[in-house]
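**Q** For reference, the file upload_21.pdb (PDB, C-alpha atoms and all ligand atoms) is included below:
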```pdb
ATOM      1  CA  MET N   1       0.000   0.000   0.000
ATOM      2  CA  THR N   2       1.065   3.608  -0.368
ATOM      3  CA  LEU N   3       1.238   5.531   2.900
ATOM      4  CA  SER N   4       0.962   9.298   2.542
ATOM      5  CA  THR N   5       1.892  11.625   5.358
ATOM      6  CA  CYS N   6       2.601  15.341   5.678
ATOM      7  CA  ASP N   7       5.658  17.072   7.071
ATOM      8  CA  ALA N   8       5.545  19.938   9.565
ATOM      9  CA  LEU N   9       4.953  22.433   6.733
ATOM     10  CA  GLY N  10       2.044  20.412   5.374
ATOM     11  CA  ARG N  11       4.004  19.158   2.351
ATOM     12  CA  PRO N  12       2.890  15.650   1.348
ATOM     13  CA  ASP N  13       5.213  12.657   1.272
ATOM     14  CA  ALA N  14       4.424   9.081   0.190
ATOM     15  CA  ARG N  15       6.045   5.647   0.120
ATOM     16  CA  VAL N  16       5.102   1.965  -0.217
ATOM     17  CA  LEU N  17       4.695  -0.124   2.952
ATOM     18  CA  ILE N  18       3.469  -3.571   3.909
ATOM     19  CA  LEU N  19      -0.020  -3.764   5.369
ATOM     20  CA  LYS N  20       0.547  -5.816   8.510
ATOM     21  CA  ASP N  21      -3.003  -6.275   9.708
ATOM     22  CA  LEU N  22      -6.531  -4.968   9.488
ATOM     23  CA  ASP N  23      -8.952  -4.992  12.438
ATOM     24  CA  GLU N  24     -11.669  -2.867  14.055
ATOM     25  CA  GLN N  25      -9.069  -0.201  14.980
ATOM     26  CA  GLY N  26      -7.844   0.163  11.427
ATOM     27  CA  TRP N  27      -5.042  -0.577   9.024
ATOM     28  CA  TRP N  28      -1.728  -1.500  10.672
ATOM     29  CA  PHE N  29       1.835  -0.913   9.529
ATOM     30  CA  ALA N  30       5.276  -1.137  11.138
ATOM     31  CA  THR N  31       8.295   1.096  10.718
ATOM     32  CA  SER N  32      11.003   2.968  12.585
ATOM     33  CA  SER N  33       9.684   5.865  14.648
ATOM     34  CA  ALA N  34      12.986   7.632  13.859
ATOM     35  CA  SER N  35      12.409   7.439  10.077
ATOM     36  CA  THR N  36      11.176  10.412   8.094
ATOM     37  CA  LYS N  37       7.619   9.091   8.139
ATOM     38  CA  GLY N  38       7.889   8.340  11.871
ATOM     39  CA  GLN N  39       8.876  11.923  12.573
ATOM     40  CA  GLN N  40       6.139  13.246  10.294
ATOM     41  CA  LEU N  41       3.574  11.110  12.114
ATOM     42  CA  GLU N  42       4.777  12.399  15.461
ATOM     43  CA  GLN N  43       4.160  15.964  14.287
ATOM     44  CA  ARG N  44       0.974  15.239  12.333
ATOM     45  CA  PRO N  45      -0.651  11.922  13.298
ATOM     46  CA  THR N  46      -2.824  11.734  10.206
ATOM     47  CA  ALA N  47      -2.346   9.750   7.005
ATOM     48  CA  ALA N  48      -3.816   8.374   3.804
ATOM     49  CA  LEU N  49      -3.425   4.853   2.436
ATOM     50  CA  THR N  50      -3.851   3.862  -1.199
ATOM     51  CA  PHE N  51      -4.268   0.307  -2.491
ATOM     52  CA  TYR N  52      -4.357  -0.602  -6.183
ATOM     53  CA  TRP N  53      -5.175  -3.956  -7.785
ATOM     54  CA  ARG N  54      -4.338  -3.588 -11.459
ATOM     55  CA  THR N  55      -5.893  -6.868 -12.680
ATOM     56  CA  LEU N  56      -9.157  -6.118 -10.877
ATOM     57  CA  GLY N  57      -9.152  -2.426 -11.821
ATOM     58  CA  ARG N  58      -9.777  -1.663  -8.203
ATOM     59  CA  GLN N  59      -8.599   1.036  -5.814
ATOM     60  CA  VAL N  60      -9.222   1.597  -2.113
ATOM     61  CA  ARG N  61      -8.438   4.933  -0.481
ATOM     62  CA  VAL N  62      -8.302   5.431   3.273
ATOM     63  CA  ARG N  63      -7.881   8.620   5.298
ATOM     64  CA  GLY N  64      -7.670   8.832   9.037
ATOM     65  CA  THR N  65      -5.948   9.451  12.313
ATOM     66  CA  VAL N  66      -2.789   7.527  13.099
ATOM     67  CA  LEU N  67      -2.521   5.807  16.469
ATOM     68  CA  THR N  68       0.698   4.371  17.896
ATOM     69  CA  ALA N  69       0.503   0.889  19.426
ATOM     70  CA  SER N  70       1.836   0.136  22.894
ATOM     71  CA  ASP N  71       5.545  -0.678  23.278
ATOM     72  CA  GLU N  72       4.530  -4.263  24.153
ATOM     73  CA  ARG N  73       2.613  -4.701  20.902
ATOM     74  CA  ALA N  74       5.450  -3.163  18.866
ATOM     75  CA  ALA N  75       7.955  -5.446  20.608
ATOM     76  CA  ALA N  76       5.797  -8.506  19.847
ATOM     77  CA  ASP N  77       5.654  -7.451  16.188
ATOM     78  CA  PHE N  78       9.429  -7.014  16.124
ATOM     79  CA  ARG N  79      10.084 -10.421  17.724
ATOM     80  CA  ALA N  80       7.774 -12.119  15.203
ATOM     81  CA  ARG N  81      10.038 -11.032  12.337
ATOM     82  CA  GLY N  82      12.725 -13.286  10.880
ATOM     83  CA  LEU N  83      16.330 -12.892  12.027
ATOM     84  CA  GLY N  84      17.420 -11.081   8.855
ATOM     85  CA  ALA N  85      14.555  -8.573   9.069
ATOM     86  CA  ARG N  86      15.212  -7.970  12.763
ATOM     87  CA  ALA N  87      18.934  -7.468  12.138
ATOM     88  CA  VAL N  88      18.283  -4.864   9.441
ATOM     89  CA  ALA N  89      15.674  -3.095  11.577
ATOM     90  CA  LEU N  90      17.982  -3.089  14.601
ATOM     91  CA  ALA N  91      20.953  -1.794  12.623
ATOM     92  CA  SER N  92      19.087   0.660  10.444
ATOM     93  CA  ARG N  93      19.137   4.394  10.819
ATOM     94  CA  GLU N  94      16.233   4.490   8.366
ATOM     95  CA  SER N  95      16.072   7.610   6.208
ATOM     96  CA  GLN N  96      19.438   8.976   7.467
ATOM     97  CA  PRO N  97      22.213   9.662   4.907
ATOM     98  CA  LEU N  98      24.443   6.599   4.274
ATOM     99  CA  ALA N  99      28.060   7.457   3.429
ATOM    100  CA  ASP N 100      28.971   3.970   2.186
ATOM    101  CA  PRO N 101      26.897   0.756   1.731
ATOM    102  CA  SER N 102      29.639  -1.184   3.579
ATOM    103  CA  GLU N 103      28.714   0.783   6.710
ATOM    104  CA  CYS N 104      25.206  -0.704   6.506
ATOM    105  CA  ARG N 105      26.485  -4.259   5.827
ATOM    106  CA  GLU N 106      28.785  -4.100   8.853
ATOM    107  CA  ALA N 107      26.081  -2.676  11.127
ATOM    108  CA  VAL N 108      23.679  -5.463  10.056
ATOM    109  CA  GLN N 109      26.341  -8.101  10.829
ATOM    110  CA  VAL N 110      26.874  -6.629  14.292
ATOM    111  CA  ALA N 111      23.110  -6.506  14.870
ATOM    112  CA  ARG N 112      22.709 -10.124  13.713
ATOM    113  CA  ALA N 113      25.390 -11.278  16.161
ATOM    114  CA  ALA N 114      23.712  -9.314  18.965
ATOM    115  CA  LEU N 115      20.333 -10.919  18.142
ATOM    116  CA  GLU N 116      21.859 -14.397  18.049
ATOM    117  CA  ALA N 117      23.345 -13.778  21.500
ATOM    118  CA  HIS N 118      20.191 -12.085  22.853
ATOM    119  CA  PRO N 119      17.144 -13.309  20.865
ATOM    120  CA  GLY N 120      14.745 -11.134  22.881
ATOM    121  CA  LEU N 121      16.457  -7.901  21.803
ATOM    122  CA  VAL N 122      14.066  -5.303  20.332
ATOM    123  CA  SER N 123      14.947  -2.201  18.345
ATOM    124  CA  PRO N 124      14.095   0.831  20.515
ATOM    125  CA  ASN N 125      12.765   2.628  17.415
ATOM    126  CA  TRP N 126      10.459  -0.135  16.210
ATOM    127  CA  ALA N 127       6.900   1.166  16.095
ATOM    128  CA  LEU N 128       3.543  -0.189  15.085
ATOM    129  CA  TYR N 129       0.899   2.256  13.874
ATOM    130  CA  SER N 130      -2.727   1.994  12.826
ATOM    131  CA  VAL N 131      -4.697   4.284  10.570
ATOM    132  CA  ASN N 132      -8.044   4.717  12.280
ATOM    133  CA  PRO N 133     -10.240   5.619   9.282
ATOM    134  CA  ASP N 134     -12.683   8.496   9.007
ATOM    135  CA  GLN N 135     -13.068   8.092   5.257
ATOM    136  CA  VAL N 136     -12.789   5.063   2.949
ATOM    137  CA  GLU N 137     -13.455   5.070  -0.779
ATOM    138  CA  PHE N 138     -13.912   1.972  -2.937
ATOM    139  CA  TRP N 139     -13.269   2.525  -6.626
ATOM    140  CA  GLN N 140     -14.053   0.011  -9.347
ATOM    141  CA  ALA N 141     -13.005   0.535 -12.950
ATOM    142  CA  ASP N 142     -15.625   0.341 -15.672
ATOM    143  CA  PRO N 143     -14.702  -0.455 -19.313
ATOM    144  CA  ASP N 144     -16.814   2.541 -20.430
ATOM    145  CA  ARG N 145     -15.001   4.763 -17.918
ATOM    146  CA  GLN N 146     -18.131   5.232 -15.841
ATOM    147  CA  HIS N 147     -16.165   4.049 -12.855
ATOM    148  CA  ALA N 148     -18.033   3.211  -9.661
ATOM    149  CA  ARG N 149     -17.017   5.217  -6.599
ATOM    150  CA  LEU N 150     -18.475   4.544  -3.181
ATOM    151  CA  ARG N 151     -17.337   6.653  -0.255
ATOM    152  CA  TYR N 152     -17.903   5.797   3.405
ATOM    153  CA  ALA N 153     -17.494   8.764   5.744
ATOM    154  CA  GLY N 154     -17.448   8.270   9.491
ATOM    155  CA  SER N 155     -20.116  10.243  11.285
ATOM    156  CA  GLY N 156     -20.161   9.585  15.024
ATOM    157  CA  SER N 157     -20.594   5.845  15.451
ATOM    158  CA  ARG N 158     -21.977   5.234  11.958
ATOM    159  CA  TRP N 159     -20.826   5.365   8.367
ATOM    160  CA  VAL N 160     -22.509   7.498   5.724
ATOM    161  CA  GLN N 161     -22.362   5.990   2.224
ATOM    162  CA  THR N 162     -22.184   8.306  -0.772
ATOM    163  CA  LEU N 163     -21.825   7.503  -4.459
ATOM    164  CA  LEU N 164     -19.389   9.855  -6.203
ATOM    165  CA  TRP N 165     -19.134  10.953  -9.792
ATOM    166  CA  PRO N 166     -16.292   9.204 -11.588
TER
HETATM  167  C1  LIG E 201       7.097  -3.422  -1.395
HETATM  168  C2  LIG E 201       7.687  -2.536  -0.330
HETATM  169  C3  LIG E 201       7.359  -2.765   0.989
HETATM  170  C4  LIG E 201       7.898  -1.958   2.003
HETATM  171  N1  LIG E 201       7.502  -2.174   3.304
HETATM  172  C5  LIG E 201       7.973  -1.363   4.275
HETATM  173  C6  LIG E 201       7.483  -1.499   5.610
HETATM  174  O1  LIG E 201       6.605  -2.323   5.918
HETATM  175  N2  LIG E 201       8.006  -0.669   6.550
HETATM  176  C7  LIG E 201       8.947   0.277   6.263
HETATM  177  O2  LIG E 201       9.387   0.984   7.159
HETATM  178  N3  LIG E 201       9.396   0.446   4.990
HETATM  179  C8  LIG E 201       8.929  -0.342   3.991
HETATM  180  N4  LIG E 201       9.354  -0.162   2.701
HETATM  181  C9  LIG E 201      10.346   0.918   2.437
HETATM  182  C10 LIG E 201       9.599   2.270   2.329
HETATM  183  O3  LIG E 201       8.987   2.404   1.057
HETATM  184  C11 LIG E 201      10.519   3.481   2.560
HETATM  185  O4  LIG E 201      11.621   3.430   1.669
HETATM  186  C12 LIG E 201      11.084   3.542   3.984
HETATM  187  O5  LIG E 201      10.111   3.155   4.939
HETATM  188  C13 LIG E 201      11.593   4.948   4.307
HETATM  189  O6  LIG E 201      10.552   5.873   4.176
HETATM  190  P1  LIG E 201      10.621   7.338   4.851
HETATM  191  O7  LIG E 201      12.004   7.867   4.554
HETATM  192  O8  LIG E 201       9.545   8.129   4.192
HETATM  193  O9  LIG E 201      10.403   7.167   6.333
HETATM  194  C14 LIG E 201       8.823  -0.933   1.678
HETATM  195  C15 LIG E 201       9.121  -0.686   0.324
HETATM  196  C16 LIG E 201       8.548  -1.465  -0.654
HETATM  197  C17 LIG E 201       8.859  -1.156  -2.110
END
```
Can you give me the file's structure in the form of C-alpha cells?
Ligand SMILES: Cc1cc2nc3c(=O)[nH]c(=O)nc-3n(C[C@H](O)[C@H](O)[C@H](O)COP(=O)(O)O)c2cc1C
**A**
Amino acid sequence: MTLSTCDALGRPDARVLILKDLDEQGWWFATSSASTKGQQLEQRPTAALTFYWRTLGRQVRVRGTVLTASDERAAADFRARGLGARAVALASRESQPLADPSECREAVQVARAALEAHPGLVSPNWALYSVNPDQVEFWQADPDRQHARLRYAGSGSRWVQTLLWP
C-alpha cells in the first residue's frame, strides 16, 4: 500500500509499505519511529493509504488518524520477524544519509550477532501504527469509464455511504 503523510509544513510525502493487519481499529503498519515518516507522524498523526489492484481495476483509499501501538505490541511485532529482518531493523538508521553501503552491511552483521546472542532484543525505534479511518473510498473501474465510486465517511458511530461521480 502507499502511505501518505505530511511534514511539519504540510508538504505531502508518500512511500510503499506492507499492510501488517486490518482490524476494528484500522489498518496496521510497522516502521522505525525515527524514520522520516515516523517523525512526520509524530508531528501530524494523520495519514492516507492507497491500495491498487491492477488486474481487478480496483482502488481503495483510506484517510484517518494515526494511532501508535503500545511498546509491548510493537515489541511482539518485532520479535515475530525473521532474524534477517530484525537485524536490518535493529541496525538501520532508516532515512538517514548513508556514506557507504559497507557501513550498513557491517552494522547489520553486528546486529545479527547481537540478536543471536540475545534473541529477545528489540529495536528501541520499532513502532507499530494503525490508521483509524474516518473516510474510505472503494473505486471500481468500468470499461466505459463510468467508474463506480463509493465513499464511506465516518459520522459519530456510523458510516454514511455516498456515491461519487467518476
Ligand atoms: C514493497 C515494499 C514494501 C515496504 N515495506 C515497508 C514497511 O513495511 N516498513 C517500512 O518501514 N518500509 C517499507 N518499505 C520501504 C519504504 O517504502 C521506505 O523506503 C522507507 O520506509 C523509508 O521511508 P521514509 O524515509 O519516508 O520514512 C517498503 C518498500 C517497498 C517497495
**Q** Just want the residues within 7 Å of ligand LIG 201 (chain E), written as a list in words, counting all atoms listed in the file.
**A**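 Every residue with an atom at most 7 Å from ligand LIG 201 (chain E) is listed here: Asp13, Ala14, Arg15, Val16, Leu17, Ile18, Leu19, Phe29, Ala30, Thr31, Ser32, Ser35, Thr36, Lys37, Gly38, Glu94 and Ser95 of chain N.
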**Q** Wanna dump the region 28-99 of chain N-region 113-124 of chain N contacts at 10 Å for me, each residue with its shortest atom pair and the distance in Å to one decimal, counting all atoms listed in the file, ordered by chain and number, as CSV?
**A**
```
residue,atom,partner,partner_atom,distance
N:Ser32,CA,N:Ser123,CA,8.7
N:Ser33,CA,N:Pro124,CA,8.9
N:Ala34,CA,N:Pro124,CA,9.6
N:Asp71,CA,N:Pro124,CA,9.1
N:Ala74,CA,N:Val122,CA,9.0
N:Ala75,CA,N:Val122,CA,6.1
N:Ala76,CA,N:Val122,CA,8.9
N:Asp77,CA,N:Val122,CA,9.6
N:Phe78,CA,N:Val122,CA,6.5
N:Arg79,CA,N:Gly120,CA,7.0
N:Leu83,CA,N:Leu115,CA,7.6
N:Gly84,CA,N:Leu115,CA,9.7
N:Arg86,CA,N:Leu115,CA,8.0
N:Ala87,CA,N:Leu115,CA,7.1
N:Val88,CA,N:Ser123,CA,9.9
N:Ala89,CA,N:Ser123,CA,6.9
N:Leu90,CA,N:Ser123,CA,4.9
N:Ala91,CA,N:Ser123,CA,8.3
N:Ser92,CA,N:Ser123,CA,9.4
```
**Q** Hey, what's within 12 Å of Leu41 (chain N) if we count all atoms listed in the file and toss same-chain stuff fewer than 3 positions away? As a ChimeraX atom specification, please?
**A** /N:3-8,10,12-13,31-38,44-48,64-68,127-131
**Q** Mind listing as a PyMOL selection string all residues within 12 Å of (-15.0, -0.6, -15.0), counting all atoms listed in the file?
**A** chain N and resi 54-59+139-149+166
**Q** Do a neighbour search on Ser155 (chain N) at 12 Å with only C-alpha atoms, toss out local chain neighbours closer than 3 positions, and write the hits as a PDB file with C-alpha atoms, keeping the file's coordinate frame.
**A**
```pdb
ATOM      1  CA  PRO N 133     -10.240   5.619   9.282  1.00  0.00           C
ATOM      2  CA  ASP N 134     -12.683   8.496   9.007  1.00  0.00           C
ATOM      3  CA  GLN N 135     -13.068   8.092   5.257  1.00  0.00           C
ATOM      4  CA  TYR N 152     -17.903   5.797   3.405  1.00  0.00           C
ATOM      5  CA  ARG N 158     -21.977   5.234  11.958  1.00  0.00           C
ATOM      6  CA  TRP N 159     -20.826   5.365   8.367  1.00  0.00           C
ATOM      7  CA  VAL N 160     -22.509   7.498   5.724  1.00  0.00           C
ATOM      8  CA  GLN N 161     -22.362   5.990   2.224  1.00  0.00           C
TER       9      GLN N 161
END
```
**Q** What does the distance from CA of Leu49 (chain N) to CA of Phe138 (chain N) come to in Å, to one decimal?
**A**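 We find that CA of Leu49 (chain N) and CA of Phe138 (chain N) lie 12.1 Å from each other.
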**Q** Point out the residue among N:Arg63, N:Lys20, N:Glu103, N:Trp126 with the least atom-to-atom distance to Ala153 (chain N), counting all atoms listed in the file.
**A**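 Using all atoms listed in the file, the shortest distance to Ala153 (chain N) belongs to N:Arg63.
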**Q** How big is the axis-aligned box around all listed atoms of region 127-137 of chain N once 3 Å goes on each side, and where's its centre, in Å to one decimal, as AutoDock Vina command-line options?
**A**
```
--center_x -3.3 --center_y 4.2 --center_z 7.7 --size_x 26.4 --size_y 14.7 --size_z 22.9
```
**Q** Please indicate the distance in Å from CA of Leu163 (chain N) to CA of Arg151 (chain N), rounded to one decimal place.
**A**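 CA of Leu163 (chain N) sits 6.2 Å away from CA of Arg151 (chain N).
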**Q** One decimal, in Å: what's the spacing between CA of Trp28 (chain N) and CA of Asn132 (chain N)?
**A**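 So the answer is 9.0 Å.
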**Q** Of the residues N:Val60, N:Met1, N:Leu22, N:Ala80, which is the one nearest to Val136 (chain N), using all atoms listed in the file?
**A**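 Closest candidate: N:Val60.
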**Q** Considering all atoms listed in the file, state which residue in the set N:Arg93, N:Thr50, N:Glu42, N:Asp23 is at the smallest distance from Asn125 (chain N).
**A**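 Between N:Arg93, N:Thr50, N:Glu42, N:Asp23, the residue approaching Asn125 (chain N) most closely is N:Arg93.
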**Q** Would you mind telling me which residue in N:Leu164, N:Trp27, N:Thr2, N:Gly156 lies nearest to Ala69 (chain N) when using all atoms listed in the file?
**A**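 Of N:Leu164, N:Trp27, N:Thr2, N:Gly156, the one nearest Ala69 (chain N), counting all atoms listed in the file, is N:Trp27.
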**Q** Can you take the partial region 46-79 of chain N, add N, CA and C atoms, and return it as a PDB file, in the frame of the given file?
**A**
```pdb
ATOM      1  N   THR N  46      -1.722  11.923  11.151  1.00  0.00           N
ATOM      2  CA  THR N  46      -2.824  11.734  10.206  1.00  0.00           C
ATOM      3  C   THR N  46      -2.213  11.217   8.909  1.00  0.00           C
ATOM      4  N   ALA N  47      -2.951  10.372   8.186  1.00  0.00           N
ATOM      5  CA  ALA N  47      -2.346   9.750   7.005  1.00  0.00           C
ATOM      6  C   ALA N  47      -3.415   9.295   6.020  1.00  0.00           C
ATOM      7  N   ALA N  48      -2.956   8.996   4.816  1.00  0.00           N
ATOM      8  CA  ALA N  48      -3.816   8.374   3.804  1.00  0.00           C
ATOM      9  C   ALA N  48      -3.123   7.105   3.332  1.00  0.00           C
ATOM     10  N   LEU N  49      -3.934   6.097   3.005  1.00  0.00           N
ATOM     11  CA  LEU N  49      -3.425   4.853   2.436  1.00  0.00           C
ATOM     12  C   LEU N  49      -4.066   4.656   1.070  1.00  0.00           C
ATOM     13  N   THR N  50      -3.307   4.136   0.132  1.00  0.00           N
ATOM     14  CA  THR N  50      -3.851   3.862  -1.199  1.00  0.00           C
ATOM     15  C   THR N  50      -3.476   2.440  -1.597  1.00  0.00           C
ATOM     16  N   PHE N  51      -4.482   1.677  -2.004  1.00  0.00           N
ATOM     17  CA  PHE N  51      -4.268   0.307  -2.491  1.00  0.00           C
ATOM     18  C   PHE N  51      -4.711   0.256  -3.953  1.00  0.00           C
ATOM     19  N   TYR N  52      -3.995  -0.497  -4.771  1.00  0.00           N
ATOM     20  CA  TYR N  52      -4.357  -0.602  -6.183  1.00  0.00           C
ATOM     21  C   TYR N  52      -4.179  -2.044  -6.643  1.00  0.00           C
ATOM     22  N   TRP N  53      -5.235  -2.616  -7.198  1.00  0.00           N
ATOM     23  CA  TRP N  53      -5.175  -3.956  -7.785  1.00  0.00           C
ATOM     24  C   TRP N  53      -5.382  -3.794  -9.287  1.00  0.00           C
ATOM     25  N   ARG N  54      -4.278  -3.861 -10.024  1.00  0.00           N
ATOM     26  CA  ARG N  54      -4.338  -3.588 -11.459  1.00  0.00           C
ATOM     27  C   ARG N  54      -5.262  -4.566 -12.193  1.00  0.00           C
ATOM     28  N   THR N  55      -5.111  -5.879 -11.924  1.00  0.00           N
ATOM     29  CA  THR N  55      -5.893  -6.868 -12.680  1.00  0.00           C
ATOM     30  C   THR N  55      -7.395  -6.737 -12.405  1.00  0.00           C
ATOM     31  N   LEU N  56      -7.736  -6.275 -11.212  1.00  0.00           N
ATOM     32  CA  LEU N  56      -9.157  -6.118 -10.877  1.00  0.00           C
ATOM     33  C   LEU N  56      -9.662  -4.714 -11.225  1.00  0.00           C
ATOM     34  N   GLY N  57      -8.763  -3.818 -11.557  1.00  0.00           N
ATOM     35  CA  GLY N  57      -9.152  -2.426 -11.821  1.00  0.00           C
ATOM     36  C   GLY N  57      -9.768  -1.802 -10.579  1.00  0.00           C
ATOM     37  N   ARG N  58      -9.155  -2.060  -9.462  1.00  0.00           N
ATOM     38  CA  ARG N  58      -9.777  -1.663  -8.203  1.00  0.00           C
ATOM     39  C   ARG N  58      -8.817  -0.823  -7.361  1.00  0.00           C
ATOM     40  N   GLN N  59      -9.382   0.173  -6.706  1.00  0.00           N
ATOM     41  CA  GLN N  59      -8.599   1.036  -5.814  1.00  0.00           C
ATOM     42  C   GLN N  59      -9.365   1.228  -4.505  1.00  0.00           C
ATOM     43  N   VAL N  60      -8.624   1.257  -3.406  1.00  0.00           N
ATOM     44  CA  VAL N  60      -9.222   1.597  -2.113  1.00  0.00           C
ATOM     45  C   VAL N  60      -8.404   2.731  -1.519  1.00  0.00           C
ATOM     46  N   ARG N  61      -9.095   3.761  -1.074  1.00  0.00           N
ATOM     47  CA  ARG N  61      -8.438   4.933  -0.481  1.00  0.00           C
ATOM     48  C   ARG N  61      -8.937   5.102   0.947  1.00  0.00           C
ATOM     49  N   VAL N  62      -7.983   5.307   1.848  1.00  0.00           N
ATOM     50  CA  VAL N  62      -8.302   5.431   3.273  1.00  0.00           C
ATOM     51  C   VAL N  62      -7.691   6.723   3.797  1.00  0.00           C
ATOM     52  N   ARG N  63      -8.445   7.451   4.608  1.00  0.00           N
ATOM     53  CA  ARG N  63      -7.881   8.620   5.298  1.00  0.00           C
ATOM     54  C   ARG N  63      -8.235   8.503   6.767  1.00  0.00           C
ATOM     55  N   GLY N  64      -7.323   8.925   7.631  1.00  0.00           N
ATOM     56  CA  GLY N  64      -7.670   8.832   9.037  1.00  0.00           C
ATOM     57  C   GLY N  64      -6.586   9.308   9.971  1.00  0.00           C
ATOM     58  N   THR N  65      -6.860   9.081  11.241  1.00  0.00           N
ATOM     59  CA  THR N  65      -5.948   9.451  12.313  1.00  0.00           C
ATOM     60  C   THR N  65      -5.016   8.279  12.584  1.00  0.00           C
ATOM     61  N   VAL N  66      -3.762   8.594  12.850  1.00  0.00           N
ATOM     62  CA  VAL N  66      -2.789   7.527  13.099  1.00  0.00           C
ATOM     63  C   VAL N  66      -2.576   7.364  14.603  1.00  0.00           C
ATOM     64  N   LEU N  67      -2.738   6.131  15.061  1.00  0.00           N
ATOM     65  CA  LEU N  67      -2.521   5.807  16.469  1.00  0.00           C
ATOM     66  C   LEU N  67      -1.267   4.950  16.594  1.00  0.00           C
ATOM     67  N   THR N  68      -0.517   5.151  17.659  1.00  0.00           N
ATOM     68  CA  THR N  68       0.698   4.371  17.896  1.00  0.00           C
ATOM     69  C   THR N  68       0.383   3.260  18.887  1.00  0.00           C
ATOM     70  N   ALA N  69       0.769   2.033  18.539  1.00  0.00           N
ATOM     71  CA  ALA N  69       0.503   0.889  19.426  1.00  0.00           C
ATOM     72  C   ALA N  69       1.398   0.959  20.657  1.00  0.00           C
ATOM     73  N   SER N  70       1.031   0.191  21.672  1.00  0.00           N
ATOM     74  CA  SER N  70       1.836   0.136  22.894  1.00  0.00           C
ATOM     75  C   SER N  70       3.220  -0.433  22.576  1.00  0.00           C
ATOM     76  N   ASP N  71       4.187  -0.136  23.447  1.00  0.00           N
ATOM     77  CA  ASP N  71       5.545  -0.678  23.278  1.00  0.00           C
ATOM     78  C   ASP N  71       5.506  -2.203  23.263  1.00  0.00           C
ATOM     79  N   GLU N  72       4.611  -2.791  24.079  1.00  0.00           N
ATOM     80  CA  GLU N  72       4.530  -4.263  24.153  1.00  0.00           C
ATOM     81  C   GLU N  72       4.102  -4.833  22.806  1.00  0.00           C
ATOM     82  N   ARG N  73       3.110  -4.190  22.186  1.00  0.00           N
ATOM     83  CA  ARG N  73       2.613  -4.701  20.902  1.00  0.00           C
ATOM     84  C   ARG N  73       3.675  -4.535  19.812  1.00  0.00           C
ATOM     85  N   ALA N  74       4.379  -3.393  19.851  1.00  0.00           N
ATOM     86  CA  ALA N  74       5.450  -3.163  18.866  1.00  0.00           C
ATOM     87  C   ALA N  74       6.569  -4.186  19.059  1.00  0.00           C
ATOM     88  N   ALA N  75       6.894  -4.475  20.330  1.00  0.00           N
ATOM     89  CA  ALA N  75       7.955  -5.446  20.608  1.00  0.00           C
ATOM     90  C   ALA N  75       7.546  -6.833  20.113  1.00  0.00           C
ATOM     91  N   ALA N  76       6.280  -7.192  20.313  1.00  0.00           N
ATOM     92  CA  ALA N  76       5.797  -8.506  19.847  1.00  0.00           C
ATOM     93  C   ALA N  76       5.891  -8.581  18.328  1.00  0.00           C
ATOM     94  N   ASP N  77       5.562  -7.488  17.658  1.00  0.00           N
ATOM     95  CA  ASP N  77       5.654  -7.451  16.188  1.00  0.00           C
ATOM     96  C   ASP N  77       7.111  -7.621  15.764  1.00  0.00           C
ATOM     97  N   PHE N  78       8.002  -6.930  16.463  1.00  0.00           N
ATOM     98  CA  PHE N  78       9.429  -7.014  16.124  1.00  0.00           C
ATOM     99  C   PHE N  78       9.938  -8.442  16.296  1.00  0.00           C
ATOM    100  N   ARG N  79       9.573  -9.073  17.428  1.00  0.00           N
ATOM    101  CA  ARG N  79      10.084 -10.421  17.724  1.00  0.00           C
ATOM    102  C   ARG N  79       9.526 -11.453  16.750  1.00  0.00           C
TER     103      ARG N  79
END
```
